[in-house]
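Quick look at entry39.cif (mmCIF, C-alpha atoms, pLDDT in the B column; chains and numbers go by the auth columns):
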```cif
data_data
#
loop_
_atom_site.group_PDB
_atom_site.id
_atom_site.type_symbol
_atom_site.label_atom_id
_atom_site.label_comp_id
_atom_site.label_asym_id
_atom_site.label_seq_id
_atom_site.Cartn_x
_atom_site.Cartn_y
_atom_site.Cartn_z
_atom_site.B_iso_or_equiv
_atom_site.auth_seq_id
_atom_site.auth_asym_id
ATOM 1 C CA MET A 1 126.249 -44.814 -1.762 80.00 1 A
ATOM 2 C CA LYS A 2 127.141 -45.914 -5.255 90.00 2 A
ATOM 3 C CA THR A 3 123.672 -47.492 -5.418 92.00 3 A
ATOM 4 C CA ILE A 4 121.989 -44.088 -5.431 93.00 4 A
ATOM 5 C CA ASP A 5 124.265 -42.860 -8.225 91.00 5 A
ATOM 6 C CA ILE A 6 123.402 -45.945 -10.269 88.00 6 A
ATOM 7 C CA ILE A 7 119.683 -45.453 -9.711 92.00 7 A
ATOM 8 C CA HIS A 8 119.990 -41.777 -10.717 92.00 8 A
ATOM 9 C CA ASP A 9 121.874 -42.773 -13.905 87.00 9 A
ATOM 10 C CA GLU A 10 119.232 -45.345 -14.794 87.00 10 A
ATOM 11 C CA HIS A 11 116.467 -42.812 -14.186 91.00 11 A
ATOM 12 C CA ARG A 12 118.231 -40.259 -16.399 91.00 12 A
ATOM 13 C CA ALA A 13 118.631 -42.757 -19.225 87.00 13 A
ATOM 14 C CA LEU A 14 114.971 -43.726 -19.040 90.00 14 A
ATOM 15 C CA ALA A 15 113.891 -40.083 -18.748 92.00 15 A
ATOM 16 C CA SER A 16 115.791 -39.199 -21.919 92.00 16 A
ATOM 17 C CA VAL A 17 113.954 -41.907 -23.857 93.00 17 A
ATOM 18 C CA LEU A 18 110.599 -40.892 -22.342 95.00 18 A
ATOM 19 C CA GLN A 19 111.168 -37.232 -23.260 95.00 19 A
ATOM 20 C CA ALA A 20 112.063 -38.206 -26.801 95.00 20 A
ATOM 21 C CA LEU A 21 109.007 -40.482 -27.051 97.00 21 A
ATOM 22 C CA ARG A 22 106.747 -37.615 -25.947 97.00 22 A
ATOM 23 C CA PHE A 23 108.399 -35.320 -28.525 96.00 23 A
ATOM 24 C CA ILE A 24 107.869 -37.824 -31.347 97.00 24 A
ATOM 25 C CA VAL A 25 104.272 -38.711 -30.450 98.00 25 A
ATOM 26 C CA ASP A 26 103.371 -35.030 -29.996 97.00 26 A
ATOM 27 C CA GLY A 27 104.930 -34.332 -33.407 96.00 27 A
ATOM 28 C CA ILE A 28 102.857 -37.057 -35.063 97.00 28 A
ATOM 29 C CA ARG A 29 99.641 -35.875 -33.376 97.00 29 A
ATOM 30 C CA GLU A 30 100.315 -32.256 -34.395 97.00 30 A
ATOM 31 C CA GLY A 31 101.151 -33.221 -37.988 96.00 31 A
ATOM 32 C CA ARG A 32 104.789 -32.045 -37.778 94.00 32 A
ATOM 33 C CA MET A 33 106.171 -35.572 -38.150 94.00 33 A
ATOM 34 C CA ARG A 34 105.392 -38.797 -39.911 95.00 34 A
ATOM 35 C CA PRO A 35 105.612 -41.966 -37.861 96.00 35 A
ATOM 36 C CA ASP A 36 108.985 -43.679 -37.934 95.00 36 A
ATOM 37 C CA PHE A 37 108.135 -47.177 -36.776 97.00 37 A
ATOM 38 C CA ARG A 38 111.789 -48.160 -36.459 95.00 38 A
ATOM 39 C CA LEU A 39 112.241 -45.351 -33.929 95.00 39 A
ATOM 40 C CA LEU A 40 108.965 -45.979 -32.095 97.00 40 A
ATOM 41 C CA SER A 41 109.760 -49.702 -31.896 96.00 41 A
ATOM 42 C CA ALA A 42 113.244 -48.986 -30.525 95.00 42 A
ATOM 43 C CA MET A 43 111.822 -46.641 -27.887 96.00 43 A
ATOM 44 C CA VAL A 44 109.141 -49.080 -26.777 96.00 44 A
ATOM 45 C CA ASP A 45 111.723 -51.870 -26.781 93.00 45 A
ATOM 46 C CA TYR A 46 114.019 -49.815 -24.522 92.00 46 A
ATOM 47 C CA ILE A 47 111.298 -48.928 -22.012 91.00 47 A
ATOM 48 C CA THR A 48 110.151 -52.543 -22.020 89.00 48 A
ATOM 49 C CA GLN A 49 113.595 -54.083 -21.648 86.00 49 A
ATOM 50 C CA VAL A 50 115.649 -51.842 -19.404 84.00 50 A
ATOM 51 C CA PRO A 51 113.315 -50.838 -16.552 83.00 51 A
ATOM 52 C CA GLU A 52 111.307 -54.051 -16.482 81.00 52 A
ATOM 53 C CA LYS A 53 114.139 -56.549 -16.829 79.00 53 A
ATOM 54 C CA VAL A 54 117.078 -54.817 -15.166 79.00 54 A
ATOM 55 C CA HIS A 55 116.233 -51.701 -13.132 83.00 55 A
ATOM 56 C CA HIS A 56 113.112 -52.762 -11.241 88.00 56 A
ATOM 57 C CA PRO A 57 114.367 -56.232 -10.286 87.00 57 A
ATOM 58 C CA LYS A 58 117.396 -54.676 -8.533 89.00 58 A
ATOM 59 C CA GLU A 59 115.102 -52.419 -6.532 94.00 59 A
ATOM 60 C CA ASP A 60 112.591 -55.189 -5.820 94.00 60 A
ATOM 61 C CA ASP A 61 115.168 -57.814 -4.869 94.00 61 A
ATOM 62 C CA TYR A 62 117.737 -55.744 -2.964 95.00 62 A
ATOM 63 C CA LEU A 63 116.894 -52.152 -2.102 97.00 63 A
ATOM 64 C CA PHE A 64 113.265 -52.580 -1.069 97.00 64 A
ATOM 65 C CA PRO A 65 113.799 -55.559 1.268 97.00 65 A
ATOM 66 C CA LYS A 66 116.825 -53.894 2.888 97.00 66 A
ATOM 67 C CA LEU A 67 114.963 -50.631 3.425 97.00 67 A
ATOM 68 C CA ARG A 68 111.815 -52.394 4.625 96.00 68 A
ATOM 69 C CA SER A 69 113.883 -54.193 7.281 96.00 69 A
ATOM 70 C CA ARG A 70 115.386 -50.909 8.530 96.00 70 A
ATOM 71 C CA SER A 71 112.419 -48.538 8.441 95.00 71 A
ATOM 72 C CA GLN A 72 108.779 -49.015 9.368 93.00 72 A
ATOM 73 C CA GLU A 73 108.166 -45.674 7.691 93.00 73 A
ATOM 74 C CA ALA A 74 109.186 -47.231 4.353 96.00 74 A
ATOM 75 C CA ALA A 75 106.594 -50.026 4.265 96.00 75 A
ATOM 76 C CA GLU A 76 103.704 -48.135 2.673 97.00 76 A
ATOM 77 C CA LEU A 77 105.974 -46.367 0.183 97.00 77 A
ATOM 78 C CA ILE A 78 107.606 -49.649 -0.862 97.00 78 A
ATOM 79 C CA ASP A 79 104.208 -51.321 -1.222 97.00 79 A
ATOM 80 C CA THR A 80 103.175 -48.497 -3.555 97.00 80 A
ATOM 81 C CA LEU A 81 106.382 -48.713 -5.603 97.00 81 A
ATOM 82 C CA GLU A 82 106.174 -52.502 -5.915 96.00 82 A
ATOM 83 C CA GLU A 83 102.598 -52.189 -7.159 97.00 83 A
ATOM 84 C CA GLN A 84 103.721 -49.520 -9.615 96.00 84 A
ATOM 85 C CA HIS A 85 106.402 -51.870 -10.933 94.00 85 A
ATOM 86 C CA LYS A 86 103.689 -54.455 -11.644 94.00 86 A
ATOM 87 C CA ASP A 87 101.475 -51.813 -13.247 95.00 87 A
ATOM 88 C CA GLY A 88 104.389 -50.587 -15.358 93.00 88 A
ATOM 89 C CA TYR A 89 105.000 -54.090 -16.679 92.00 89 A
ATOM 90 C CA ARG A 90 101.342 -54.391 -17.717 95.00 90 A
ATOM 91 C CA MET A 91 101.426 -50.937 -19.284 95.00 91 A
ATOM 92 C CA THR A 92 104.544 -51.603 -21.356 94.00 92 A
ATOM 93 C CA ASN A 93 102.957 -54.791 -22.698 94.00 93 A
ATOM 94 C CA ALA A 94 99.798 -52.858 -23.634 96.00 94 A
ATOM 95 C CA LEU A 95 101.951 -50.156 -25.226 96.00 95 A
ATOM 96 C CA LEU A 96 103.773 -52.738 -27.313 96.00 96 A
ATOM 97 C CA GLN A 97 100.477 -54.225 -28.505 97.00 97 A
ATOM 98 C CA ALA A 98 99.143 -50.748 -29.356 98.00 98 A
ATOM 99 C CA LEU A 99 102.292 -50.004 -31.367 98.00 99 A
ATOM 100 C CA ILE A 100 101.937 -53.271 -33.295 97.00 100 A
ATOM 101 C CA HIS A 101 98.297 -52.398 -34.023 98.00 101 A
ATOM 102 C CA TYR A 102 99.224 -48.852 -35.094 98.00 102 A
ATOM 103 C CA GLN A 103 101.933 -50.156 -37.391 97.00 103 A
ATOM 104 C CA SER A 104 99.589 -52.707 -38.963 97.00 104 A
ATOM 105 C CA VAL A 105 96.553 -50.424 -39.536 98.00 105 A
ATOM 106 C CA GLY A 106 98.271 -47.060 -39.980 96.00 106 A
ATOM 107 C CA ALA A 107 96.688 -43.725 -39.056 97.00 107 A
ATOM 108 C CA PRO A 108 93.482 -45.223 -37.568 97.00 108 A
ATOM 109 C CA GLY A 109 95.641 -46.939 -34.933 97.00 109 A
ATOM 110 C CA PHE A 110 97.393 -43.763 -33.797 98.00 110 A
ATOM 111 C CA ALA A 111 94.736 -42.514 -31.348 98.00 111 A
ATOM 112 C CA GLY A 112 94.882 -45.693 -29.250 97.00 112 A
ATOM 113 C CA PHE A 113 98.678 -45.709 -29.288 98.00 113 A
ATOM 114 C CA ASP A 114 98.824 -42.003 -28.421 98.00 114 A
ATOM 115 C CA GLU A 115 96.438 -42.463 -25.495 98.00 115 A
ATOM 116 C CA LEU A 116 98.517 -45.307 -24.045 97.00 116 A
ATOM 117 C CA VAL A 117 101.763 -43.372 -24.544 98.00 117 A
ATOM 118 C CA GLN A 118 100.364 -40.369 -22.655 98.00 118 A
ATOM 119 C CA GLU A 119 99.058 -42.610 -19.870 97.00 119 A
ATOM 120 C CA TYR A 120 102.400 -44.426 -19.623 97.00 120 A
ATOM 121 C CA LEU A 121 104.416 -41.209 -19.618 97.00 121 A
ATOM 122 C CA ASP A 122 102.298 -39.648 -16.880 97.00 122 A
ATOM 123 C CA PHE A 123 102.478 -42.839 -14.845 96.00 123 A
ATOM 124 C CA ASN A 124 106.233 -43.153 -15.267 95.00 124 A
ATOM 125 C CA TRP A 125 107.007 -39.528 -14.344 95.00 125 A
ATOM 126 C CA LYS A 126 105.010 -39.956 -11.143 96.00 126 A
ATOM 127 C CA HIS A 127 106.846 -43.203 -10.395 96.00 127 A
ATOM 128 C CA LEU A 128 110.307 -41.724 -11.036 95.00 128 A
ATOM 129 C CA ASN A 129 109.494 -38.663 -8.938 96.00 129 A
ATOM 130 C CA LEU A 130 108.248 -40.825 -6.065 97.00 130 A
ATOM 131 C CA GLU A 131 111.526 -42.738 -6.073 96.00 131 A
ATOM 132 C CA GLU A 132 113.676 -39.625 -6.413 96.00 132 A
ATOM 133 C CA ARG A 133 111.824 -37.436 -3.912 97.00 133 A
ATOM 134 C CA GLU A 134 110.742 -39.959 -1.289 97.00 134 A
ATOM 135 C CA LEU A 135 112.436 -43.352 -1.603 97.00 135 A
ATOM 136 C CA LEU A 136 116.043 -42.284 -2.066 97.00 136 A
ATOM 137 C CA PRO A 137 116.041 -39.630 0.702 97.00 137 A
ATOM 138 C CA LEU A 138 114.418 -42.152 3.049 97.00 138 A
ATOM 139 C CA ALA A 139 117.039 -44.759 2.116 97.00 139 A
ATOM 140 C CA ARG A 140 119.825 -42.246 2.810 96.00 140 A
ATOM 141 C CA ARG A 141 118.443 -41.668 6.303 96.00 141 A
ATOM 142 C CA ALA A 142 117.527 -45.241 7.218 97.00 142 A
ATOM 143 C CA LEU A 143 120.368 -47.366 5.876 97.00 143 A
ATOM 144 C CA GLY A 144 123.782 -47.726 7.466 96.00 144 A
ATOM 145 C CA GLU A 145 127.269 -48.151 6.043 96.00 145 A
ATOM 146 C CA ASP A 146 127.065 -51.969 6.019 96.00 146 A
ATOM 147 C CA ASP A 147 123.722 -51.802 4.207 96.00 147 A
ATOM 148 C CA TRP A 148 125.175 -49.507 1.569 96.00 148 A
ATOM 149 C CA ARG A 149 128.212 -51.753 1.095 95.00 149 A
ATOM 150 C CA GLU A 150 125.936 -54.725 0.394 94.00 150 A
ATOM 151 C CA LEU A 151 123.683 -52.734 -1.899 95.00 151 A
ATOM 152 C CA ASP A 152 126.626 -51.159 -3.721 92.00 152 A
ATOM 153 C CA ALA A 153 128.025 -54.630 -4.448 90.00 153 A
ATOM 154 C CA GLU A 154 124.681 -55.751 -5.913 87.00 154 A
ATOM 155 C CA PHE A 155 123.984 -52.565 -7.847 85.00 155 A
ATOM 156 C CA SER A 156 127.559 -52.338 -9.153 82.00 156 A
ATOM 157 C CA ALA A 157 126.903 -55.608 -10.922 74.00 157 A
ATOM 158 C CA ASN A 158 124.240 -53.611 -12.705 58.00 158 A
ATOM 159 C CA PHE A 159 125.025 -52.049 -16.026 56.00 159 A
ATOM 160 C CA ASP A 160 125.548 -48.812 -17.836 58.00 160 A
ATOM 161 C CA PRO A 161 121.914 -47.917 -18.652 56.00 161 A
ATOM 162 C CA TYR A 162 122.981 -46.644 -22.052 56.00 162 A
ATOM 163 C CA LYS A 163 124.835 -49.849 -22.988 57.00 163 A
ATOM 164 C CA GLY A 164 123.877 -52.832 -20.837 60.00 164 A
ATOM 165 C CA ALA A 165 126.016 -55.241 -18.831 58.00 165 A
ATOM 166 C CA ALA A 166 127.347 -56.925 -21.951 58.00 166 A
ATOM 167 C CA GLY A 167 126.620 -54.081 -24.336 66.00 167 A
ATOM 168 C CA GLU A 168 123.213 -55.524 -25.225 71.00 168 A
ATOM 169 C CA TYR A 169 121.481 -52.124 -25.065 76.00 169 A
ATOM 170 C CA ALA A 170 124.228 -50.018 -26.664 78.00 170 A
ATOM 171 C CA GLU A 171 122.960 -50.491 -30.213 81.00 171 A
ATOM 172 C CA LEU A 172 119.355 -49.930 -29.158 84.00 172 A
ATOM 173 C CA PHE A 173 120.188 -46.661 -27.367 83.00 173 A
ATOM 174 C CA ARG A 174 122.425 -45.550 -30.259 85.00 174 A
ATOM 175 C CA LYS A 175 119.572 -46.275 -32.689 89.00 175 A
ATOM 176 C CA ILE A 176 117.168 -44.159 -30.617 91.00 176 A
ATOM 177 C CA VAL A 177 119.634 -41.249 -30.466 89.00 177 A
ATOM 178 C CA ASN A 178 120.439 -41.448 -34.183 90.00 178 A
ATOM 179 C CA LEU A 179 116.798 -41.686 -35.318 91.00 179 A
ATOM 180 C CA THR A 180 115.301 -39.100 -32.938 91.00 180 A
ATOM 181 C CA PRO A 181 115.309 -35.606 -34.458 91.00 181 A
ATOM 182 C CA ALA A 182 116.867 -32.654 -32.639 88.00 182 A
ATOM 183 C CA PRO A 183 116.657 -31.405 -29.959 87.00 183 A
ATOM 184 C CA TYR A 184 116.376 -34.893 -28.397 85.00 184 A
ATOM 185 C CA GLY A 185 118.552 -36.785 -30.830 85.00 185 A
ATOM 186 C CA LEU A 186 120.791 -36.584 -33.846 84.00 186 A
ATOM 187 C CA GLY A 187 118.303 -37.641 -36.541 80.00 187 A
ATOM 188 C CA SER A 188 116.796 -35.465 -39.209 77.00 188 A
ATOM 189 C CA ALA A 189 113.190 -34.320 -39.165 65.00 189 A
ATOM 190 C CA VAL A 190 110.787 -37.168 -39.822 55.00 190 A
#
```
As structure tokens, how would this structure be written, given the file I've shared?
Amino acid sequence: MKTIDIIHDEHRALASVLQALRFIVDGIREGRMRPDFRLLSAMVDYITQVPEKVHHPKEDDYLFPKLRSRSQEAAELIDTLEEQHKDGYRMTNALLQALIHYQSVGAPGFAGFDELVQEYLDFNWKHLNLEERELLPLARRALGEDDWRELDAEFSANFDPYKGAAGEYAELFRKIVNLTPAPYGLGSAV
């Protein structure tokens, strides 16, 4: 079940960026930090690129259809997750637009950006938990060895969530880690 390990790794990578984003936005709201738009842009870029272009398509194209064909119990859950993937795509686009607005107008743009960040974070935690607590256990029960072999072949073609298949996300993740202040990164206080 290499597929499940890959999904867990991708969730952990995303969760680390989401935790750091919450830390930074909370720090700005509370007046402990000044906005670092290079860091915020890198974070929004990561959550736009990695889940929406790499992680979700693997689930949508391979795991969900396989599980749907093996378990009637999975249908409603998969419908919900597929709809959440669509909602997440819309939310990341709105988040990107809010960040651009915040960067262009300064402090008056923070409230709108902050509101969308909080909404996105809450949404994403619920989505990740639904996959971790319901989807993956159901997949373990419903899928057989041949199913897992097929899925493992597809998901193994996936990438290291910290680097990318061809290293395309390595610099982006490194930038996030180096710019984010402790305890979530290696950067100095902003």
Take the point (116.6, -38.4, -36.5) in the file's coordinates, draw a sphere of radius 12 Å around it, and report as a compact mmCIF listing (two decimals) with C-alpha atoms, in the coordinates of the input every protein, DNA or RNA residue with an atom inside or on it, counting all atoms listed in the file.
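And here is the file that came out, part.txt:
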```txt
# COMPACT_ATOMS: atom_id res chain seq x y z
CA ALA A 20 112.06 -38.21 -26.80
CA PHE A 23 108.40 -35.32 -28.52
CA ILE A 24 107.87 -37.82 -31.35
CA MET A 33 106.17 -35.57 -38.15
CA ARG A 34 105.39 -38.80 -39.91
CA PRO A 35 105.61 -41.97 -37.86
CA ASP A 36 108.98 -43.68 -37.93
CA ARG A 38 111.79 -48.16 -36.46
CA LEU A 39 112.24 -45.35 -33.93
CA LEU A 40 108.96 -45.98 -32.10
CA ARG A 174 122.42 -45.55 -30.26
CA LYS A 175 119.57 -46.28 -32.69
CA ILE A 176 117.17 -44.16 -30.62
CA VAL A 177 119.63 -41.25 -30.47
CA ASN A 178 120.44 -41.45 -34.18
CA LEU A 179 116.80 -41.69 -35.32
CA THR A 180 115.30 -39.10 -32.94
CA PRO A 181 115.31 -35.61 -34.46
CA ALA A 182 116.87 -32.65 -32.64
CA PRO A 183 116.66 -31.40 -29.96
CA TYR A 184 116.38 -34.89 -28.40
CA GLY A 185 118.55 -36.78 -30.83
CA LEU A 186 120.79 -36.58 -33.85
CA GLY A 187 118.30 -37.64 -36.54
CA SER A 188 116.80 -35.47 -39.21
CA ALA A 189 113.19 -34.32 -39.16
CA VAL A 190 110.79 -37.17 -39.82
```
Best match for closeness to Leu14 of chain A among A:Arg29, A:Arg133, A:Lys2, A:His127, counting all atoms listed in the file:
A:His127
Test item: residues at most 7 Å from segment 52-61 of chain A, all atoms listed in the file, excluding those fewer than 4 positions along its chain, as an MDAnalysis selection string:
chainID A and resid 48 65 82 85 89 155
Nearest residue to Pro137 of chain A from the set A:Ile4, A:Ile28, A:Ala75, A:Ala170 (distances using all atoms listed in the file):
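Closest candidate: A:Ile4.
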Please define a box with edges along x, y and z of the file around all atoms of segment 5-21 of chain A given in the file, extend it by 6 Å on each side, and return its centre and edge lengths in Å to one decimal, as lines of an AutoDock Vina configuration file.
```
center_x = 116.6
center_y = -41.6
center_z = -17.6
size_x = 27.3
size_y = 20.7
size_z = 30.8
```
When you count only C-alpha atoms, which of these residues is closest to Glu119 of chain A: A:Glu132, A:Gly31, A:Ser16, A:Met91?
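Among the listed residues, the smallest separation from Glu119 of chain A belongs to A:Met91.
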Close residues, Gln103 of chain A itself excluded, 10 Å, all atoms listed in the file, min 5 positions apart in chain, as a list in words
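Selected residues are Pro35, Asp36, Phe37, Leu40, Ser41, Gln97, Ala98, Pro108, Gly109, Phe110 and Phe113 of chain A.
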Report, in Å to a single decimal, how far apart atom CA of Asp79 of chain A and atom CA of Trp125 of chain A are.
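Spanning atom CA of Trp125 of chain A to atom CA of Asp79 of chain A is a straight-line distance of 17.9 Å.
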Just say which residues the PyMOL selection byres ((chain A and resi 148) around 12) picks in this file, as an MDAnalysis selection string.
chainID A and resid 1:5 62:63 66:67 139:147 149:156
Point-to-point distance from atom CA of Leu130 of chain A to atom CA of Leu81 of chain A, Å rounded to tenths
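Separation between atom CA of Leu130 of chain A and atom CA of Leu81 of chain A: 8.1 Å.
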Just the number, please: distance in Å from atom CA of Leu121 of chain A to atom CA of Leu18 of chain A, one decimal.
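Interatomic distance here is 6.8 Å.
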Would you pick out the contacts of Ala111 of chain A at 12 Å or less, using all atoms listed in the file, so that residues sharing its chain but fewer than 5 positions from it are not included, and give the list as an MDAnalysis selection string?
chainID A and resid 25:26 28:29 98:99 101:102 105:106 116:118
Write the residues you've just listed into a file as a compact mmCIF listing (two decimals), in the coordinates of the input, and include C-alpha atoms for each of them.
```txt
# COMPACT_ATOMS: atom_id res chain seq x y z
CA VAL A 25 104.27 -38.71 -30.45
CA ASP A 26 103.37 -35.03 -30.00
CA ILE A 28 102.86 -37.06 -35.06
CA ARG A 29 99.64 -35.88 -33.38
CA ALA A 98 99.14 -50.75 -29.36
CA LEU A 99 102.29 -50.00 -31.37
CA HIS A 101 98.30 -52.40 -34.02
CA TYR A 102 99.22 -48.85 -35.09
CA VAL A 105 96.55 -50.42 -39.54
CA GLY A 106 98.27 -47.06 -39.98
CA LEU A 116 98.52 -45.31 -24.04
CA VAL A 117 101.76 -43.37 -24.54
CA GLN A 118 100.36 -40.37 -22.66
```
From the list A:Asp114, A:Glu10, A:Glu134, A:Glu30, which residue is nearest Glu76 of chain A when using all atoms listed in the file?
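Of the candidates, the smallest distance to Glu76 of chain A is held by A:Glu134.
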Counting all atoms listed in the file, the option among A:Gln19, A:Thr80, A:Gln49, A:Ser69 closest to Leu135 of chain A:
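Between A:Gln19, A:Thr80, A:Gln49, A:Ser69, the residue approaching Leu135 of chain A most closely is A:Thr80.
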